[in-house]
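First up is the structure itself, then whatever we jot down about it.
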Amino acid sequence: MAKSVQLQGEGFETVELPVLSGTLGNDVVDIRAFTKGTNMFTFDPGFVSTASCESKITFIDGEKGLLYYRGYPIEQLAEKSDYLEVCYLLIYGELPNAEQKKQFVDTVTKHTMVHEQLTWFFRGFRRDAHPMAMMVGVVGALSAFYQDSLEIADPEHRKVAIYRLISKIPTIAAMCYRYSNGLPFNFPRNDLSYAANFMHMMFATPCEKYEPNPVLVRALDRIFTLHADHEQNASTSTVRLAGSSGANPFACIAAGIACLWGPSHGGANEAVLKMLDEIGDVSNVAEFMEGVKAKKYRLMGFGHRVYKNMDPRAAIMKTTCDEVLRELGLENDPKFKLAMELEKIALNDPYFIEKKLYPNVDFYSGIVLSALNIPVSMFTVIFALARTVGWISHWNESLSDPNAKIGRPRQLYTGAARRDFVPVDKR
């Protein structure tokens, strides 16, 4: 039975608006006819109560702590799958069979090289430039080199662009790190997995053969999987908004990277490490946590804007964190002991339990990335690498949506009313 709501107010007739139901989650009121019937707009800063699109990709229930990619719980995918299989799932909507997976992995693996002239772009950056500044510029520049995949109305062009982005983003990310540290760029290796190849491009030297540690490779692959998509967050919405104008896919992903760079979005795990440095020593943890209660300090990496209970990714990341610290013999490292003491207090202190300030995925991923010797300045780059498949999946979906329109939010204007211009000599 179709559902609807009626709105009535002074000066306009009753307006009946349909209520739409999705597979999961809250019903939504279809307000497309609202303005025509009332001559008014709705007001929703941050769009926190507005469904801006219809999507089949990712579902989140913050109250219950659920995260599904195409209907599959994140816990199952992180435990039983791998990142490239998850990429296929997000793009195509179904898990691949053995042959489909092999073909997909082979295609991605064999397109990790970037155009040689693209490497010249890095020479224009200062060595101390932030890696995210380089990512925004170089990814946006891809459209100047791969002009045979810019026709967004052509499904084949879109497919080629999707494969290129997933394949080349790790190469570009590693190049940002190498350039910042005065190191020669490493060519990708086709004999390595996606995560192992990224570690090779980051850390190998020409002097000796580099063999990535399988425990660390698996940890990095999980980080990629856990960050692959997260519904209509700020950067994903930015990619969709840029795509609604008909912008090419490389420009849209560059826009997503720029949005992710904001400290309120992609910088959370970086903030965790800065907080640990500020605390300094495990002996200062108790005083710091009391300061948090007194609102003197901010506790980074705990609680979540969307998840009102436990972040479903956090438990997976904690297990991965324990595995990495054990593998590297870092259980007694001062910084990591400090982090574990923070975790212990937050999970047992009634104050933090009552406020549901549980460790989130950023807390553990920051620790893992630090243990892998990835510098803090690269944390958001890793996030962008992992999230590229989510962004490009949403971009592709939005182009196939018959209801999609160019984004054009309205506003509540509170500036000056009409006034006449006064010449400068009379002001």
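Each chain in the structure tokens gets a letter, A, B, ..., in the order shown, and its residues are numbered from 1; ligands are numbered from 1 in order too.
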
Legend entry - Residue contacts of Pro359 (chain A) (10 Å, only C-alpha atoms) excluding same-chain residues fewer than 4 positions away, as a list in words: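 With the cut-off at 10 Å, the set is Leu299, Met300, Gly301, Phe302, Gly303, His304, Met310, Asp311, Ala314, Ala315, Lys318, Leu342, Glu343, Lys344, Ala346, Leu347, Phe363 and Tyr364 of chain A.
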
For the selection you just gave me, I'd like the residues written to a file as a CSV table (one decimal), in the first residue's frame, keeping N, CA and C atoms.
chain,number,residue,atom,x,y,z
A,299,LEU,N,39.4,13.5,22.7
A,299,LEU,CA,39.8,12.1,22.6
A,299,LEU,C,39.6,11.7,21.1
A,300,MET,N,40.7,11.5,20.4
A,300,MET,CA,40.6,11.2,19.0
A,300,MET,C,40.6,9.7,18.8
A,301,GLY,N,39.8,9.3,17.8
A,301,GLY,CA,39.7,7.9,17.5
A,301,GLY,C,38.7,7.1,18.3
A,302,PHE,N,37.8,7.8,19.0
A,302,PHE,CA,36.8,7.2,19.9
A,302,PHE,C,35.5,7.8,19.6
A,303,GLY,N,34.4,6.9,19.5
A,303,GLY,CA,33.1,7.4,19.1
A,303,GLY,C,33.1,7.7,17.6
A,304,HIS,N,31.9,7.9,17.1
A,304,HIS,CA,31.7,8.1,15.6
A,304,HIS,C,30.5,8.8,15.4
A,310,MET,N,29.1,0.4,18.7
A,310,MET,CA,30.5,0.1,18.2
A,310,MET,C,30.6,0.2,16.7
A,311,ASP,N,31.6,0.8,16.2
A,311,ASP,CA,31.9,0.8,14.8
A,311,ASP,C,32.2,-0.6,14.4
A,314,ALA,N,35.7,-1.6,13.7
A,314,ALA,CA,36.7,-1.5,14.8
A,314,ALA,C,37.2,-2.8,15.3
A,315,ALA,N,36.2,-3.8,15.5
A,315,ALA,CA,36.6,-5.1,16.0
A,315,ALA,C,37.6,-5.8,15.1
A,318,LYS,N,40.9,-4.1,15.3
A,318,LYS,CA,41.6,-4.4,16.5
A,318,LYS,C,42.4,-5.7,16.4
A,342,LEU,N,45.0,3.6,26.6
A,342,LEU,CA,43.8,4.4,26.3
A,342,LEU,C,42.6,3.5,26.0
A,343,GLU,N,42.8,2.5,25.2
A,343,GLU,CA,41.7,1.6,24.8
A,343,GLU,C,41.2,0.9,26.0
A,344,LYS,N,42.0,0.4,26.9
A,344,LYS,CA,41.6,-0.3,28.2
A,344,LYS,C,40.7,0.6,29.0
A,346,ALA,N,39.0,3.4,28.0
A,346,ALA,CA,37.7,3.7,27.3
A,346,ALA,C,36.7,2.6,27.3
A,347,LEU,N,37.2,1.3,27.3
A,347,LEU,CA,36.3,0.2,27.3
A,347,LEU,C,35.8,-0.2,28.7
A,363,PHE,N,41.1,4.7,15.1
A,363,PHE,CA,42.0,4.5,16.2
A,363,PHE,C,43.0,3.3,15.9
A,364,TYR,N,42.4,2.2,15.5
A,364,TYR,CA,43.3,1.0,15.2
A,364,TYR,C,44.0,1.1,13.9

Inset, instruction - Write out as a VMD selection string the residues lying within 6 Å of region 230-235 of chain A, counting only C-alpha atoms and excluding same-chain residues fewer than 3 positions away. - result: chain A and resid 58 238 256 259 to 260

Output all heavy atoms for every residue in that selection, as a short mmCIF file (atom, residue, chain, number, x, y, z; two decimals), in the first residue's frame.
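Result file part-v4.cif:
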data_model
loop_
_atom_site.label_atom_id
_atom_site.label_comp_id
_atom_site.auth_asym_id
_atom_site.auth_seq_id
_atom_site.Cartn_x
_atom_site.Cartn_y
_atom_site.Cartn_z
N THR A 58 25.92 0.71 -0.72
CA THR A 58 26.31 0.51 0.68
C THR A 58 25.17 0.91 1.61
O THR A 58 24.48 1.90 1.35
CB THR A 58 27.57 1.33 1.02
OG1 THR A 58 28.64 0.90 0.19
CG2 THR A 58 27.98 1.17 2.48
N THR A 238 30.60 14.59 -2.75
CA THR A 238 31.33 15.53 -3.61
C THR A 238 31.56 14.93 -4.99
O THR A 238 31.39 15.60 -6.02
CB THR A 238 32.68 15.89 -2.96
OG1 THR A 238 32.45 16.56 -1.73
CG2 THR A 238 33.52 16.78 -3.87
N GLY A 256 36.91 14.34 -4.98
CA GLY A 256 36.73 13.53 -3.79
C GLY A 256 37.95 13.53 -2.91
O GLY A 256 37.85 13.61 -1.67
N CYS A 259 38.14 16.78 -0.98
CA CYS A 259 37.20 16.80 0.14
C CYS A 259 37.70 15.93 1.29
O CYS A 259 37.61 16.31 2.46
CB CYS A 259 35.82 16.33 -0.33
SG CYS A 259 34.57 16.37 0.97
N LEU A 260 38.24 14.78 0.95
CA LEU A 260 38.74 13.86 1.98
C LEU A 260 39.87 14.47 2.78
O LEU A 260 40.09 14.14 3.94
CB LEU A 260 39.22 12.56 1.32
CG LEU A 260 39.63 11.42 2.26
CD1 LEU A 260 38.42 10.83 2.94
CD2 LEU A 260 40.40 10.35 1.49
#

Legend entry - Proximity to Tyr68 (chain A) - best of A:Pro206, A:Gly366, A:Gly46, A:Pro312, only C-alpha atoms: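 With only C-alpha atoms as the atom set, the closest residue is A:Pro312.
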
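For the set A:Leu330, A:Leu241, A:Cys321, A:Ile367, the residue with the smallest atom-to-atom gap to Pro409 (chain A) is A:Leu241, counting only C-alpha atoms.
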
Inset, instruction - Within 8 Å of Ala254 (chain A), counting only C-alpha atoms, which residues show up once you throw out same-chain ones fewer than 3 positions away? Write them as a ChimeraX atom specification, please. - result: /A:135-137,139-140,250-251,257-258

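Taking CA of Ala153 (chain A) and CA of Ser244 (chain A) as endpoints, the distance between them is 12.1 Å.
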
Legend entry - A:Lys426, A:Lys355, A:Arg387, A:Lys337 ranked by distance to Asn309 (chain A), top pick (using only C-alpha atoms):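 Of A:Lys426, A:Lys355, A:Arg387, A:Lys337, the one nearest Asn309 (chain A) is A:Lys355, counting only C-alpha atoms.
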
Inset, instruction - Would you please give, as a VMD selection string, all residues of region 105-345 of chain A that DSSP assigns to helix (DSSP H, G or I) based on the backbone? - result: chain A and resid 105 to 109 116 to 124 131 to 144 147 to 149 155 to 180 194 to 203 214 to 226 234 to 244 249 to 260 268 to 279 282 to 293 312 to 328 334 to 345

Hey, which bits of region 314-350 of chain A sit within 9 Å of region 269-292 of chain A, and for each residue what's the closest pair of atoms and how far apart in Å (one decimal), counting only C-alpha atoms, rows by chain and increasing number, as a Markdown table?
| residue | atom | partner | partner_atom | distance |
| --- | --- | --- | --- | --- |
| A:Pro334 | CA | A:Asp281 | CA | 6.9 |
| A:Lys335 | CA | A:Leu276 | CA | 6.9 |
| A:Phe336 | CA | A:Leu276 | CA | 8.8 |
| A:Lys337 | CA | A:Val282 | CA | 6.8 |
| A:Leu338 | CA | A:Val282 | CA | 4.5 |
| A:Ala339 | CA | A:Leu276 | CA | 7.0 |
| A:Glu341 | CA | A:Val282 | CA | 7.1 |
| A:Leu342 | CA | A:Val285 | CA | 6.6 |
| A:Ile345 | CA | A:Met289 | CA | 8.1 |
| A:Ala346 | CA | A:Met289 | CA | 8.6 |

Write to file, as a compact mmCIF listing (two decimals), in the first residue's frame, the residues of the selection just made, with N, CA and C atoms.
# COMPACT_ATOMS: atom_id res chain seq x y z
N PRO A 334 56.69 1.83 23.47
CA PRO A 334 56.05 2.84 24.34
C PRO A 334 54.79 3.47 23.73
N LYS A 335 54.84 3.83 22.44
CA LYS A 335 53.67 4.48 21.83
C LYS A 335 52.49 3.53 21.76
N PHE A 336 52.75 2.28 21.42
CA PHE A 336 51.66 1.32 21.27
C PHE A 336 51.12 0.87 22.63
N LYS A 337 51.99 0.80 23.62
CA LYS A 337 51.51 0.52 24.98
C LYS A 337 50.60 1.64 25.45
N LEU A 338 50.97 2.86 25.10
CA LEU A 338 50.15 4.03 25.45
C LEU A 338 48.77 3.91 24.81
N ALA A 339 48.74 3.53 23.53
CA ALA A 339 47.47 3.38 22.81
C ALA A 339 46.60 2.30 23.45
N GLU A 341 46.62 1.35 26.51
CA GLU A 341 46.13 1.82 27.81
C GLU A 341 44.92 2.73 27.62
N LEU A 342 44.96 3.57 26.59
CA LEU A 342 43.79 4.39 26.25
C LEU A 342 42.59 3.51 25.96
N ILE A 345 41.09 1.89 29.20
CA ILE A 345 40.29 2.81 30.02
C ILE A 345 38.95 3.10 29.35
N ALA A 346 38.98 3.36 28.04
CA ALA A 346 37.75 3.70 27.32
C ALA A 346 36.74 2.56 27.34

Considering only C-alpha atoms, tabulate each residue of region 135-193 of chain A that lies at most 12 Å from region 75-86 of chain A along with its nearest interatomic pair and the corresponding distance in Å to one decimal; arrange the rows by chain and ascending residue number and present them as a Markdown table.
| residue | atom | partner | partner_atom | distance |
| --- | --- | --- | --- | --- |
| A:Tyr163 | CA | A:Leu84 | CA | 11.1 |
| A:Ile166 | CA | A:Leu84 | CA | 9.1 |
| A:Ser167 | CA | A:Leu84 | CA | 10.2 |
| A:Ser193 | CA | A:Leu84 | CA | 9.2 |

Can you write out the residues you just picked, keeping all heavy atoms, as an mmCIF file, in the first residue's frame?
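See again.cif below for the written result:
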data_model
loop_
_atom_site.group_PDB
_atom_site.id
_atom_site.type_symbol
_atom_site.label_atom_id
_atom_site.label_comp_id
_atom_site.auth_asym_id
_atom_site.auth_seq_id
_atom_site.Cartn_x
_atom_site.Cartn_y
_atom_site.Cartn_z
ATOM 1 N N TYR A 163 38.717 0.993 -14.320
ATOM 2 C CA TYR A 163 39.878 0.103 -14.186
ATOM 3 C C TYR A 163 41.168 0.911 -14.042
ATOM 4 O O TYR A 163 42.045 0.553 -13.248
ATOM 5 C CB TYR A 163 39.970 -0.831 -15.397
ATOM 6 C CG TYR A 163 39.106 -2.064 -15.285
ATOM 7 C CD1 TYR A 163 37.728 -2.000 -15.470
ATOM 8 C CD2 TYR A 163 39.663 -3.303 -14.992
ATOM 9 C CE1 TYR A 163 36.930 -3.125 -15.371
ATOM 10 C CE2 TYR A 163 38.878 -4.440 -14.893
ATOM 11 C CZ TYR A 163 37.512 -4.353 -15.082
ATOM 12 O OH TYR A 163 36.727 -5.468 -14.968
ATOM 13 N N ILE A 166 41.435 2.442 -10.396
ATOM 14 C CA ILE A 166 41.751 1.443 -9.375
ATOM 15 C C ILE A 166 43.184 0.943 -9.531
ATOM 16 O O ILE A 166 43.892 0.700 -8.542
ATOM 17 C CB ILE A 166 40.753 0.269 -9.436
ATOM 18 C CG1 ILE A 166 39.339 0.759 -9.085
ATOM 19 C CG2 ILE A 166 41.159 -0.860 -8.488
ATOM 20 C CD1 ILE A 166 38.262 -0.257 -9.330
ATOM 21 N N SER A 167 43.643 0.814 -10.774
ATOM 22 C CA SER A 167 44.982 0.298 -11.046
ATOM 23 C C SER A 167 46.075 1.312 -10.720
ATOM 24 O O SER A 167 47.120 0.947 -10.150
ATOM 25 C CB SER A 167 45.111 -0.093 -12.520
ATOM 26 O OG SER A 167 44.161 -1.058 -12.895
ATOM 27 N N SER A 193 50.415 -9.189 -5.167
ATOM 28 C CA SER A 193 49.015 -8.819 -4.963
ATOM 29 C C SER A 193 48.894 -7.301 -4.901
ATOM 30 O O SER A 193 49.889 -6.566 -4.840
ATOM 31 C CB SER A 193 48.496 -9.433 -3.663
ATOM 32 O OG SER A 193 49.094 -8.798 -2.534
#

Inset, instruction - Can you list, as number ranges by chain, all residues belonging to region 34-198 of chain A that DSSP tags as strand (DSSP E)? - result: A: 58-61, 66-69, 72-73

Legend entry - Close residues, region 25-33 of chain A itself excluded, 8 Å, only C-alpha atoms, min 5 positions apart in chain, as a PyMOL selection string: chain A and resi 4-5+17-20+51+59+61
